[in-house]
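S.K.: So that you have it, the file is protein.cif, and it contains mmCIF, C-alpha atoms and all ligand atoms:
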data_target
loop_
_atom_site.label_atom_id
_atom_site.label_comp_id
_atom_site.auth_asym_id
_atom_site.auth_seq_id
_atom_site.Cartn_x
_atom_site.Cartn_y
_atom_site.Cartn_z
CA MET A 568 -19.42 15.53 16.34
CA LYS A 569 -16.00 16.20 17.86
CA ILE A 570 -12.74 14.27 18.01
CA THR A 571 -11.90 13.40 21.60
CA ARG A 572 -8.81 11.21 21.38
CA VAL A 573 -6.26 9.92 18.84
CA GLU A 574 -4.43 6.71 19.74
CA ALA A 575 -1.63 4.82 18.01
CA LEU A 576 -1.41 1.15 18.97
CA TYR A 577 1.75 -0.81 18.23
CA LEU A 578 1.17 -4.56 17.79
CA ARG A 579 4.02 -6.99 17.29
CA LEU A 580 4.32 -10.74 16.98
CA PRO A 581 6.38 -12.29 19.80
CA GLU A 582 9.00 -13.25 17.24
CA VAL A 583 9.78 -10.88 14.36
CA LYS A 584 12.06 -12.53 11.84
CA GLU A 585 14.62 -10.68 9.76
CA GLN A 586 12.85 -11.18 6.46
CA CYS A 587 11.13 -9.08 3.84
CA ASP A 588 7.67 -9.22 5.41
CA SER A 589 6.00 -6.09 6.73
CA GLY A 590 3.14 -8.12 8.18
CA GLN A 591 4.89 -9.05 11.41
CA ASP A 592 3.99 -5.88 13.28
CA VAL A 593 1.58 -3.04 12.71
CA LEU A 594 0.74 0.46 13.89
CA ILE A 595 -3.00 1.00 14.14
CA VAL A 596 -4.63 4.39 14.60
CA ARG A 597 -7.89 4.78 16.50
CA VAL A 598 -9.67 8.12 16.41
CA HIS A 599 -12.40 8.51 19.05
CA THR A 600 -15.37 10.89 18.93
CA ASP A 601 -17.89 12.23 21.40
CA ALA A 602 -20.60 10.37 19.43
CA GLY A 603 -19.03 7.07 20.42
CA ILE A 604 -17.92 6.34 16.84
CA ILE A 605 -14.33 5.12 16.57
CA GLY A 606 -12.47 5.23 13.27
CA ILE A 607 -9.55 2.93 12.53
CA GLY A 608 -6.61 3.31 10.21
CA GLU A 609 -3.17 1.84 9.60
CA VAL A 610 0.29 3.36 9.29
CA ASP A 611 3.05 1.51 7.44
CA SER A 612 6.23 3.13 8.66
CA SER A 613 8.85 2.93 11.37
CA PRO A 614 6.15 2.16 13.95
CA LEU A 615 7.31 3.88 17.10
CA ALA A 616 8.55 6.95 15.24
CA ALA A 617 5.09 7.27 13.66
CA LYS A 618 3.47 6.65 17.05
CA GLY A 619 5.50 9.56 18.42
CA ALA A 620 4.41 11.75 15.51
CA ILE A 621 0.78 10.96 16.37
CA GLU A 622 0.79 10.97 20.15
CA GLY A 623 3.49 13.57 20.77
CA PRO A 624 2.50 16.88 22.38
CA PHE A 625 2.10 20.25 20.74
CA SER A 626 5.62 21.63 20.50
CA HIS A 627 5.63 24.55 18.10
CA THR A 628 3.24 26.08 15.59
CA ILE A 629 5.06 24.38 12.73
CA THR A 630 5.90 21.09 14.43
CA SER A 631 3.31 19.38 16.58
CA GLY A 632 2.07 15.96 17.53
CA LEU A 633 -0.70 15.24 15.04
CA GLY A 634 -3.30 14.02 17.52
CA ALA A 635 -3.00 17.18 19.60
CA LEU A 636 -4.05 19.22 16.55
CA LEU A 637 -7.28 17.26 16.14
CA ILE A 638 -8.82 17.27 19.61
CA GLY A 639 -12.13 19.16 19.53
CA GLU A 640 -12.22 19.23 15.71
CA ASP A 641 -15.10 18.04 13.51
CA PRO A 642 -14.01 14.68 11.97
CA PHE A 643 -16.06 15.38 8.81
CA GLU A 644 -13.80 18.29 7.80
CA ILE A 645 -11.14 15.93 6.51
CA GLU A 646 -9.58 18.08 3.79
CA ARG A 647 -9.15 20.99 6.20
CA LEU A 648 -7.75 18.74 8.92
CA TRP A 649 -5.28 17.19 6.45
CA TYR A 650 -3.89 20.65 5.71
CA LYS A 651 -3.88 21.59 9.37
CA MET A 652 -1.69 18.55 10.10
CA TYR A 653 0.49 19.27 7.07
CA GLU A 654 1.03 22.96 7.80
CA GLN A 655 1.72 22.39 11.47
CA ASN A 656 4.49 19.91 10.64
CA ILE A 657 6.17 21.94 8.01
CA TYR A 658 9.74 21.15 9.01
CA SER A 659 9.21 17.82 10.73
CA GLY A 660 6.78 16.60 8.09
CA ARG A 661 6.03 17.04 4.37
CA ARG A 662 7.51 13.62 3.48
CA GLY A 663 8.21 10.33 5.24
CA ILE A 664 7.13 9.55 8.78
CA ALA A 665 4.79 12.50 9.38
CA ILE A 666 2.92 11.77 6.13
CA HIS A 667 2.81 8.05 6.99
CA ALA A 668 1.29 8.96 10.35
CA MET A 669 -1.21 11.29 8.67
CA SER A 670 -2.21 8.38 6.40
CA GLY A 671 -3.51 6.34 9.32
CA ILE A 672 -5.35 9.32 10.79
CA ASP A 673 -6.89 10.24 7.43
CA MET A 674 -8.04 6.63 6.97
CA ALA A 675 -9.64 6.68 10.41
CA LEU A 676 -11.42 9.98 9.70
CA TRP A 677 -12.96 8.56 6.52
CA ASP A 678 -13.95 5.46 8.51
CA ILE A 679 -15.74 7.70 11.05
CA LYS A 680 -17.54 9.61 8.30
CA GLY A 681 -18.68 6.38 6.65
CA LYS A 682 -19.86 4.86 9.92
CA ALA A 683 -21.73 8.05 10.86
CA LEU A 684 -23.46 8.29 7.47
CA GLY A 685 -23.97 4.54 7.01
CA LEU A 686 -22.01 4.48 3.73
CA PRO A 687 -18.88 2.70 2.50
CA VAL A 688 -15.88 4.99 2.02
CA TRP A 689 -15.83 4.41 -1.76
CA LYS A 690 -19.28 5.97 -1.97
CA LEU A 691 -18.21 9.02 0.06
CA LEU A 692 -15.31 9.42 -2.38
CA GLY A 693 -17.76 9.47 -5.27
CA GLY A 694 -16.94 5.96 -6.44
CA GLY A 695 -18.75 2.97 -7.79
CA PHE A 696 -16.57 2.02 -10.78
CA HIS A 697 -16.46 -1.69 -9.87
CA LYS A 698 -18.51 -4.40 -8.20
CA LYS A 699 -15.32 -6.42 -7.93
CA ILE A 700 -11.74 -5.81 -8.97
CA ARG A 701 -9.09 -8.13 -10.31
CA CYS A 702 -6.32 -8.78 -7.84
CA TYR A 703 -2.90 -10.33 -8.06
CA ALA A 704 -1.26 -12.69 -5.63
CA SER A 705 1.68 -10.85 -4.17
CA ASN A 706 4.51 -12.93 -2.88
CA LEU A 707 8.26 -13.16 -2.39
CA PHE A 708 10.35 -15.37 -4.63
CA GLY A 709 11.09 -18.83 -3.34
CA PRO A 710 14.73 -19.35 -2.31
CA THR A 711 15.39 -21.25 -5.54
CA PRO A 712 13.91 -21.32 -9.04
CA ALA A 713 12.28 -24.71 -8.30
CA ALA A 714 10.65 -23.38 -5.14
CA THR A 715 9.42 -20.35 -7.09
CA ARG A 716 7.88 -22.60 -9.73
CA ASP A 717 6.04 -24.56 -7.01
CA LEU A 718 4.70 -21.34 -5.48
CA ALA A 719 3.55 -20.16 -8.91
CA MET A 720 1.60 -23.38 -9.41
CA LYS A 721 0.04 -22.99 -5.99
CA PHE A 722 -1.25 -19.47 -6.73
CA ARG A 723 -2.57 -20.47 -10.13
CA ASP A 724 -4.44 -23.34 -8.45
CA LEU A 725 -5.93 -20.86 -5.94
CA GLY A 726 -7.62 -19.08 -8.85
CA PHE A 727 -5.28 -16.14 -9.46
CA ASP A 728 -4.59 -15.16 -13.05
CA ALA A 729 -2.01 -12.56 -12.04
CA VAL A 730 0.90 -13.23 -9.70
CA LYS A 731 3.85 -11.16 -8.51
CA PHE A 732 7.17 -12.39 -7.19
CA GLY A 733 9.71 -10.10 -5.65
CA TRP A 734 12.88 -9.29 -3.79
CA GLN A 735 15.60 -11.71 -2.73
CA PRO A 736 17.24 -13.69 -4.19
CA LEU A 737 16.78 -11.50 -7.27
CA GLY A 738 19.90 -9.46 -8.00
CA GLU A 739 22.49 -12.12 -7.13
CA SER A 740 23.45 -12.80 -10.75
CA GLU A 741 22.09 -12.53 -14.28
CA LYS A 742 21.87 -16.30 -14.54
CA LYS A 743 19.92 -16.71 -11.31
CA ASP A 744 17.63 -13.76 -12.09
CA ILE A 745 16.65 -15.29 -15.41
CA ALA A 746 16.25 -18.75 -13.87
CA LEU A 747 13.87 -17.32 -11.22
CA VAL A 748 11.71 -15.48 -13.74
CA SER A 749 11.72 -18.44 -16.12
CA ALA A 750 10.64 -20.78 -13.31
CA ALA A 751 7.84 -18.40 -12.28
CA ARG A 752 6.55 -18.35 -15.85
CA GLU A 753 6.82 -22.12 -16.11
CA GLY A 754 4.75 -22.57 -12.94
CA LEU A 755 2.10 -20.07 -14.02
CA GLY A 756 1.69 -21.26 -17.59
CA ASP A 757 1.02 -18.90 -20.48
CA ASP A 758 -2.37 -17.51 -19.44
CA CYS A 759 -1.38 -15.78 -16.23
CA ASP A 760 0.09 -12.30 -15.86
CA LEU A 761 3.47 -12.27 -14.15
CA MET A 762 4.76 -9.22 -12.33
CA ILE A 763 8.36 -8.97 -11.11
CA ASP A 764 9.30 -6.79 -8.13
CA ALA A 765 13.04 -6.22 -8.25
CA GLY A 766 13.20 -4.65 -4.79
CA LEU A 767 15.64 -1.81 -5.66
CA VAL A 768 18.56 -4.07 -6.62
CA TYR A 769 19.73 -2.73 -9.98
CA ASP A 770 21.44 0.23 -11.52
CA ALA A 771 19.94 1.65 -14.70
CA LYS A 772 22.05 -0.31 -17.20
CA THR A 773 21.51 -3.62 -15.40
CA ALA A 774 17.79 -2.91 -15.19
CA ILE A 775 17.68 -2.28 -18.95
CA GLN A 776 19.45 -5.60 -19.55
CA ARG A 777 17.07 -7.45 -17.20
CA ALA A 778 13.97 -5.85 -18.69
CA ARG A 779 15.10 -7.15 -22.10
CA ALA A 780 15.84 -10.62 -20.76
CA PHE A 781 12.62 -10.85 -18.70
CA SER A 782 10.49 -9.78 -21.65
CA ASP A 783 11.17 -13.26 -23.12
CA TYR A 784 8.94 -14.50 -20.28
CA LYS A 785 6.20 -11.95 -21.01
CA ILE A 786 6.31 -10.08 -17.73
CA PHE A 787 3.44 -7.67 -17.15
CA TRP A 788 5.50 -5.14 -15.22
CA LEU A 789 8.93 -4.67 -13.68
CA GLU A 790 8.57 -3.04 -10.29
CA GLU A 791 11.08 -0.88 -8.45
CA PRO A 792 14.23 -2.00 -10.22
CA LEU A 793 16.04 1.20 -9.13
CA HIS A 794 16.61 3.27 -6.05
CA PRO A 795 13.58 5.56 -5.62
CA ASP A 796 15.62 8.77 -5.96
CA ASN A 797 17.14 7.69 -9.27
CA TYR A 798 14.67 9.57 -11.47
CA GLU A 799 17.13 9.88 -14.33
CA GLY A 800 17.74 6.10 -14.23
CA TYR A 801 13.97 5.49 -14.30
CA ARG A 802 13.64 7.74 -17.33
CA ARG A 803 16.46 5.96 -19.20
CA LEU A 804 14.99 2.57 -18.33
CA SER A 805 11.43 3.50 -19.31
CA GLU A 806 12.60 4.88 -22.63
CA ALA A 807 14.75 1.81 -23.36
CA THR A 808 12.15 -0.92 -22.89
CA ASP A 809 8.61 -1.92 -23.79
CA VAL A 810 8.21 -3.56 -20.38
CA ARG A 811 5.95 -1.48 -18.12
CA ILE A 812 7.88 0.05 -15.24
CA ALA A 813 6.00 0.28 -11.93
CA ALA A 814 7.02 2.27 -8.84
CA GLY A 815 5.75 4.50 -6.07
CA GLU A 816 5.48 2.51 -2.86
CA GLU A 817 8.36 4.42 -1.22
CA GLU A 818 6.68 7.77 -1.79
CA SER A 819 4.70 9.96 0.54
CA SER A 820 2.80 13.03 -0.68
CA ARG A 821 1.75 13.73 -4.25
CA LEU A 822 4.72 16.01 -4.82
CA SER A 823 7.08 13.03 -4.76
CA TYR A 824 4.80 11.20 -7.18
CA LEU A 825 5.06 14.10 -9.59
CA GLU A 826 8.84 13.56 -9.70
CA LEU A 827 8.41 9.86 -10.46
CA MET A 828 5.83 10.51 -13.17
CA ASP A 829 7.32 13.57 -14.82
CA LYS A 830 11.05 12.99 -14.39
CA GLY A 831 11.11 9.20 -14.01
CA LYS A 832 8.50 8.52 -16.72
CA ILE A 833 7.19 5.43 -14.96
CA ASP A 834 4.26 3.54 -16.52
CA ILE A 835 2.29 2.32 -13.50
CA VAL A 836 1.87 4.37 -10.33
CA GLN A 837 1.76 2.36 -7.11
CA VAL A 838 0.21 3.97 -4.06
CA ASP A 839 0.22 2.69 -0.48
CA LEU A 840 -2.75 4.16 1.38
CA ALA A 841 -0.95 3.65 4.70
CA ARG A 842 2.07 5.70 3.58
CA CYS A 843 1.04 8.25 0.93
CA GLY A 844 -1.14 10.54 3.09
CA GLY A 845 -4.32 8.44 3.19
CA PHE A 846 -7.41 8.65 0.99
CA THR A 847 -7.28 12.44 0.80
CA GLU A 848 -3.85 12.38 -0.85
CA ALA A 849 -4.33 9.13 -2.81
CA MET A 850 -7.32 10.62 -4.67
CA LYS A 851 -5.10 13.48 -5.82
CA ILE A 852 -2.27 11.14 -6.84
CA ALA A 853 -4.70 9.09 -8.93
CA SER A 854 -5.96 12.27 -10.56
CA LEU A 855 -2.44 13.44 -11.41
CA ALA A 856 -1.73 9.99 -12.89
CA TRP A 857 -4.94 10.08 -14.94
CA ASP A 858 -3.95 13.47 -16.34
CA ARG A 859 -0.78 11.79 -17.63
CA GLY A 860 -2.56 8.74 -19.03
CA LEU A 861 -1.18 6.44 -16.35
CA PRO A 862 -2.91 3.53 -14.61
CA VAL A 863 -2.57 3.13 -10.85
CA ALA A 864 -2.48 0.18 -8.50
CA ASN A 865 -2.35 0.01 -4.74
CA HIS A 866 0.64 -1.18 -2.79
CA GLY A 867 0.07 -3.08 0.41
CA PHE A 868 1.98 -5.84 2.11
CA THR A 869 0.68 -5.41 5.63
CA THR A 870 -2.87 -6.02 6.92
CA TYR A 871 -6.43 -6.23 5.63
CA ILE A 872 -6.97 -2.66 6.87
CA ASN A 873 -4.67 -1.56 4.07
CA VAL A 874 -6.35 -3.92 1.58
CA ALA A 875 -9.79 -2.56 2.52
CA ALA A 876 -8.55 1.02 2.13
CA ALA A 877 -7.13 0.12 -1.27
CA LEU A 878 -10.44 -1.37 -2.42
CA HIS A 879 -12.40 1.75 -1.47
CA TRP A 880 -9.86 3.95 -3.26
CA LEU A 881 -9.60 1.77 -6.38
CA ASN A 882 -13.39 1.82 -6.60
CA ALA A 883 -13.42 5.62 -6.57
CA ILE A 884 -10.96 6.40 -9.38
CA PRO A 885 -11.20 5.95 -13.15
CA ASN A 886 -7.67 4.61 -13.69
CA ALA A 887 -7.54 1.64 -11.28
CA LEU A 888 -5.59 -1.20 -12.87
CA ILE A 889 -5.46 -4.06 -10.38
CA CYS A 890 -5.31 -4.69 -6.62
CA GLU A 891 -2.32 -6.09 -4.78
CA TYR A 892 -3.39 -8.91 -2.49
CA VAL A 893 -0.83 -10.43 -0.15
CA ALA A 894 -0.60 -14.16 -0.58
CA GLN A 895 2.31 -14.59 1.82
CA THR A 896 1.28 -17.05 4.50
CA ASN A 897 4.20 -17.15 6.92
CA THR A 898 2.75 -14.68 9.39
CA SER A 899 -0.29 -15.05 11.60
CA LEU A 900 -0.78 -11.35 12.47
CA ARG A 901 -2.71 -10.47 9.30
CA ASP A 902 -5.26 -13.23 9.73
CA MET A 903 -5.87 -12.76 13.44
CA LEU A 904 -6.12 -8.94 13.45
CA THR A 905 -9.39 -8.07 11.72
CA ARG A 906 -12.79 -9.13 10.42
CA GLN A 907 -13.55 -7.64 7.02
CA ASP A 908 -16.36 -7.13 4.61
CA PHE A 909 -14.75 -8.19 1.37
CA VAL A 910 -14.49 -11.53 -0.32
CA PHE A 911 -11.86 -13.11 -2.57
CA GLU A 912 -13.35 -15.15 -5.43
CA ASP A 913 -11.64 -16.51 -8.53
CA GLY A 914 -8.94 -13.88 -8.70
CA TYR A 915 -11.24 -10.98 -7.83
CA LEU A 916 -12.00 -9.06 -4.64
CA ARG A 917 -15.60 -8.00 -4.15
CA MET A 918 -16.06 -4.41 -3.02
CA PRO A 919 -16.91 -3.79 0.63
CA GLU A 920 -20.47 -2.59 1.25
CA ALA A 921 -20.45 -2.04 5.04
CA PRO A 922 -20.24 1.53 6.39
CA GLY A 923 -16.79 3.10 6.65
CA LEU A 924 -13.84 0.87 5.83
CA GLY A 925 -15.85 -2.26 6.59
CA ILE A 926 -13.16 -3.52 8.97
CA ASP A 927 -13.38 -4.48 12.63
CA LEU A 928 -10.40 -5.06 14.87
CA ILE A 929 -10.41 -8.30 16.82
CA GLU A 930 -9.91 -6.86 20.31
CA GLU A 931 -8.54 -10.11 21.70
CA THR A 932 -5.63 -9.89 19.22
CA VAL A 933 -5.10 -6.21 19.93
CA ASN A 934 -4.87 -6.90 23.67
CA LYS A 935 -2.62 -9.92 23.19
CA LEU A 936 -0.11 -8.38 20.76
CA ARG A 937 -0.09 -4.74 21.84
CA VAL A 938 3.35 -3.72 23.08
CA SER A 939 2.82 0.04 23.33
MG MG B 1 7.14 -3.63 -4.29
#
Take the structure in the file and give it back as structure tokens.
Ligand SMILES: [Mg+2]
M.R.:
Amino acid sequence: MKITRVEALYLRLPEVKEQCDSGQDVLIVRVHTDAGIIGIGEVDSSPLAAKGAIEGPFSHTITSGLGALLIGEDPFEIERLWYKMYEQNIYSGRRGIAIHAMSGIDMALWDIKGKALGLPVWKLLGGGFHKKIRCYASNLFGPTPAATRDLAMKFRDLGFDAVKFGWQPLGESEKKDIALVSAAREGLGDDCDLMIDAGLVYDAKTAIQRARAFSDYKIFWLEEPLHPDNYEGYRRLSEATDVRIAAGEEESSRLSYLELMDKGKIDIVQVDLARCGGFTEAMKIASLAWDRGLPVANHGFTTYINVAAALHWLNAIPNALICEYVAQTNTSLRDMLTRQDFVFEDGYLRMPEAPGLGIDLIEETVNKLRVS
């Protein structure tokens, strides 16, 4: 089998609001083969920059459009192709957009392999750790503590026993921060895990103070309280509190994760399959985390393509902790984009069993929302 074409499709809702929701547009990768099998993947990045990284022409032996490097190649040789893309983007790649773009291509290559062999990706990766995996409802804070409490009650009633709230208005003041976390706990009751995503708003000392204050409300983890490059701050915070510190969603390539784990001393490693370099890189990140005794969780706030990828990956590693599942309902793109082979039941997601990723694009939506 040979790769014949690599496409990047940019879909966007007619109105994209200025809010913390990465589910309003999406960059989808489609890799075509001469066998008629088409693999799909997703890139979570600056969409048109990543599209350029994929569809751009060959320019130089160490900086090339990624798709151009794959034409005529065997889509089963994924590890080799990953390094081909990496090495031929040595100054334009290595971190950030080029790795994000490679993530979508890598996902699509695994999808092709699974479809060709009739196996789910988790089985190709050697997995089978779970029949179903616990997931948490991932959501933004309400604009007020009372609104946050109402949201918490709603998620508990939907069957979740783990819920995350994040980003604004956290960080406005100590009083408001504590009121928001207190209200979330009140809405969830005592038997539900509560995760807090600070969304990069603190410095190290403030984060230490908040971790202490939030521990009165039994938070399960405190996510991304600091700027991602502040490794020294992460280390000071981790050493100063019993609250688990989670981070990693801003990273691409395992080398950045090594910094977070070894310098930053984080407790929970969060990996976005649509940013980190795809399955090929995520398996290595999980392995590096396992070596350090650290649990991992996926990150994903975009589409069900990313959720499906996360499920396959989490099912193929020994240190999977929990699955992030977006419970935000103010965008229609996620629900109209795909049909998927996994089921949410009582706070758990059942593992996909269909070949490949187990995801089909709804072509009508693709045609309607595609802008380039
Ligand atoms: Mg986050």
S.K.: Per residue of chain A within 10 Å of ligand MG 1 (chain B), record the nearest atom pair and its distance in Å to one decimal, counting only C-alpha atoms and all ligand atoms, with rows in chain order and ascending residue number, as a Markdown table.
M.R.:
| residue | atom | partner | partner_atom | distance |
| --- | --- | --- | --- | --- |
| A:Ser705 | CA | B:MG1 | MG | 9.1 |
| A:Asn706 | CA | B:MG1 | MG | 9.8 |
| A:Leu707 | CA | B:MG1 | MG | 9.8 |
| A:Lys731 | CA | B:MG1 | MG | 9.2 |
| A:Phe732 | CA | B:MG1 | MG | 9.2 |
| A:Gly733 | CA | B:MG1 | MG | 7.1 |
| A:Trp734 | CA | B:MG1 | MG | 8.1 |
| A:Ile763 | CA | B:MG1 | MG | 8.7 |
| A:Asp764 | CA | B:MG1 | MG | 5.4 |
| A:Ala765 | CA | B:MG1 | MG | 7.6 |
| A:Gly766 | CA | B:MG1 | MG | 6.2 |
| A:Leu767 | CA | B:MG1 | MG | 8.8 |
| A:Leu789 | CA | B:MG1 | MG | 9.6 |
| A:Glu790 | CA | B:MG1 | MG | 6.2 |
| A:Glu791 | CA | B:MG1 | MG | 6.4 |
| A:Pro792 | CA | B:MG1 | MG | 9.4 |
| A:Ala813 | CA | B:MG1 | MG | 8.7 |
| A:Ala814 | CA | B:MG1 | MG | 7.5 |
| A:Gly815 | CA | B:MG1 | MG | 8.4 |
| A:Glu816 | CA | B:MG1 | MG | 6.5 |
| A:Glu817 | CA | B:MG1 | MG | 8.7 |
| A:Gln837 | CA | B:MG1 | MG | 8.5 |
| A:His866 | CA | B:MG1 | MG | 7.1 |
| A:Gly867 | CA | B:MG1 | MG | 8.5 |
| A:Phe868 | CA | B:MG1 | MG | 8.5 |
| A:Glu891 | CA | B:MG1 | MG | 9.8 |
S.K.: Quick one: everything within 7 Å of Arg752 in chain A, counting only C-alpha atoms, minus sequence neighbours fewer than 4 positions away in the same chain. Send it as JSON, numbers by chain.
M.R.: {"A": [748, 756, 784]}
S.K.: Using only C-alpha atoms, which residue out of A:Leu637, A:Leu737, A:Met918, A:Val593 lies closest to Leu615 in chain A?
M.R.: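 Of all the options, A:Val593 lies closest to Leu615 in chain A.
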S.K.: Just checking: using all atoms listed in the file, which residue out of A:Ala894, A:Leu580, A:Ala841, A:Ile604 ends up closest to Ala719 in chain A?
M.R.: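 Among A:Ala894, A:Leu580, A:Ala841, A:Ile604, it is A:Ala894 that comes nearest to Ala719 in chain A.
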S.K.: Could you check the closest approach to Leu916 in chain A for each of A:Leu928, A:Ala668, A:Ala704, A:Ala771 and tell me which residue wins, using only C-alpha atoms?
M.R.: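 Using only C-alpha atoms, the shortest distance to Leu916 in chain A belongs to A:Ala704.
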S.K.: Using all atoms listed in the file, what residues lie at most 12 Å away from (-13.9, 24.5, 23.4) (file coordinates), given as JSON, numbers by chain?
M.R.: {"A": [569, 570, 571, 638, 639, 640, 641]}
S.K.: Extending 4 Å beyond the listed atoms of range 696-707 of chain A on each side, what axis-aligned box results? I want centre and edge lengths in Å to one decimal, as JSON.
M.R.:
{"center_x": -5.1, "center_y": -5.6, "center_z": -6.6, "size_x": 34.8, "size_y": 23.2, "size_z": 16.4}
S.K.: Calculate how many Å separate CA of Ala714 in chain A from CA of Val838 in chain A, rounding to one decimal.
M.R.: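 Atom-to-atom, CA of Ala714 in chain A to CA of Val838 in chain A, that is 29.3 Å.
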S.K.: Using all atoms listed in the file, find the one residue out of A:Glu739, A:Ile666, A:Leu822, A:Ala887 that sits nearest to Glu654 in chain A.
M.R.: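 Of all the options, A:Ile666 lies closest to Glu654 in chain A.
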S.K.: With all atoms listed in the file as the atoms that count, which of A:Phe846, A:Tyr824, A:Trp788, A:Trp689 lies nearest to Ala921 in chain A?
M.R.: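 Looking only at the distances to Ala921 in chain A, the closest residue turns out to be A:Trp689.
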S.K.: Is it possible to get the residues within 12 Å of (7.0, 13.5, -10.0) (coordinates as in the file, counting only C-alpha atoms) written as a PDB file with C-alpha atoms, keeping the file's coordinate frame?
M.R.:
ATOM      1  CA  PRO A 795      13.580   5.560  -5.620  1.00  0.00           C
ATOM      2  CA  ASP A 796      15.620   8.770  -5.960  1.00  0.00           C
ATOM      3  CA  ASN A 797      17.140   7.690  -9.270  1.00  0.00           C
ATOM      4  CA  TYR A 798      14.670   9.570 -11.470  1.00  0.00           C
ATOM      5  CA  GLU A 799      17.130   9.880 -14.330  1.00  0.00           C
ATOM      6  CA  TYR A 801      13.970   5.490 -14.300  1.00  0.00           C
ATOM      7  CA  ARG A 802      13.640   7.740 -17.330  1.00  0.00           C
ATOM      8  CA  ALA A 814       7.020   2.270  -8.840  1.00  0.00           C
ATOM      9  CA  GLY A 815       5.750   4.500  -6.070  1.00  0.00           C
ATOM     10  CA  GLU A 818       6.680   7.770  -1.790  1.00  0.00           C
ATOM     11  CA  SER A 819       4.700   9.960   0.540  1.00  0.00           C
ATOM     12  CA  SER A 820       2.800  13.030  -0.680  1.00  0.00           C
ATOM     13  CA  ARG A 821       1.750  13.730  -4.250  1.00  0.00           C
ATOM     14  CA  LEU A 822       4.720  16.010  -4.820  1.00  0.00           C
ATOM     15  CA  SER A 823       7.080  13.030  -4.760  1.00  0.00           C
ATOM     16  CA  TYR A 824       4.800  11.200  -7.180  1.00  0.00           C
ATOM     17  CA  LEU A 825       5.060  14.100  -9.590  1.00  0.00           C
ATOM     18  CA  GLU A 826       8.840  13.560  -9.700  1.00  0.00           C
ATOM     19  CA  LEU A 827       8.410   9.860 -10.460  1.00  0.00           C
ATOM     20  CA  MET A 828       5.830  10.510 -13.170  1.00  0.00           C
ATOM     21  CA  ASP A 829       7.320  13.570 -14.820  1.00  0.00           C
ATOM     22  CA  LYS A 830      11.050  12.990 -14.390  1.00  0.00           C
ATOM     23  CA  GLY A 831      11.110   9.200 -14.010  1.00  0.00           C
ATOM     24  CA  LYS A 832       8.500   8.520 -16.720  1.00  0.00           C
ATOM     25  CA  ILE A 833       7.190   5.430 -14.960  1.00  0.00           C
ATOM     26  CA  VAL A 836       1.870   4.370 -10.330  1.00  0.00           C
ATOM     27  CA  ILE A 852      -2.270  11.140  -6.840  1.00  0.00           C
ATOM     28  CA  LEU A 855      -2.440  13.440 -11.410  1.00  0.00           C
ATOM     29  CA  ALA A 856      -1.730   9.990 -12.890  1.00  0.00           C
ATOM     30  CA  ARG A 859      -0.780  11.790 -17.630  1.00  0.00           C
TER      31      ARG A 859
END
S.K.: Excluding Ser659 in chain A and its own-chain neighbours fewer than 2 positions away, which residues fall within 7 Å of it when counting only C-alpha atoms? Please give them as a list in words.
M.R.: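 My list of contacting residues is Thr630, Asn656 and Ile657 of chain A.
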S.K.: Determine the nearest neighbour of Glu622 in chain A from the options A:Ala875, A:Gly844, A:Glu644, A:Ala665, counting all atoms listed in the file.
M.R.: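 Closest residue, counting all atoms listed in the file: A:Ala665.
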S.K.: Determine, counting all atoms listed in the file, which protein, DNA and RNA residues have an atom within 12 Å of an atom of Lys742 in chain A; residues of the same chain fewer than 4 positions away are not included. Present the result as a PyMOL selection string.
M.R.: chain A and resi 712+736-738+746-749+777+780-781
S.K.: In Å, how far is it from CA of Glu609 in chain A to CA of Gly923 in chain A?
M.R.: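 Going from CA of Glu609 in chain A over to CA of Gly923 in chain A, I get 14.0 Å.
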S.K.: If I take CA of Lys584 in chain A and CA of Ala617 in chain A, how far is one from the other in Å, to one decimal?
M.R.: 21.1 Å
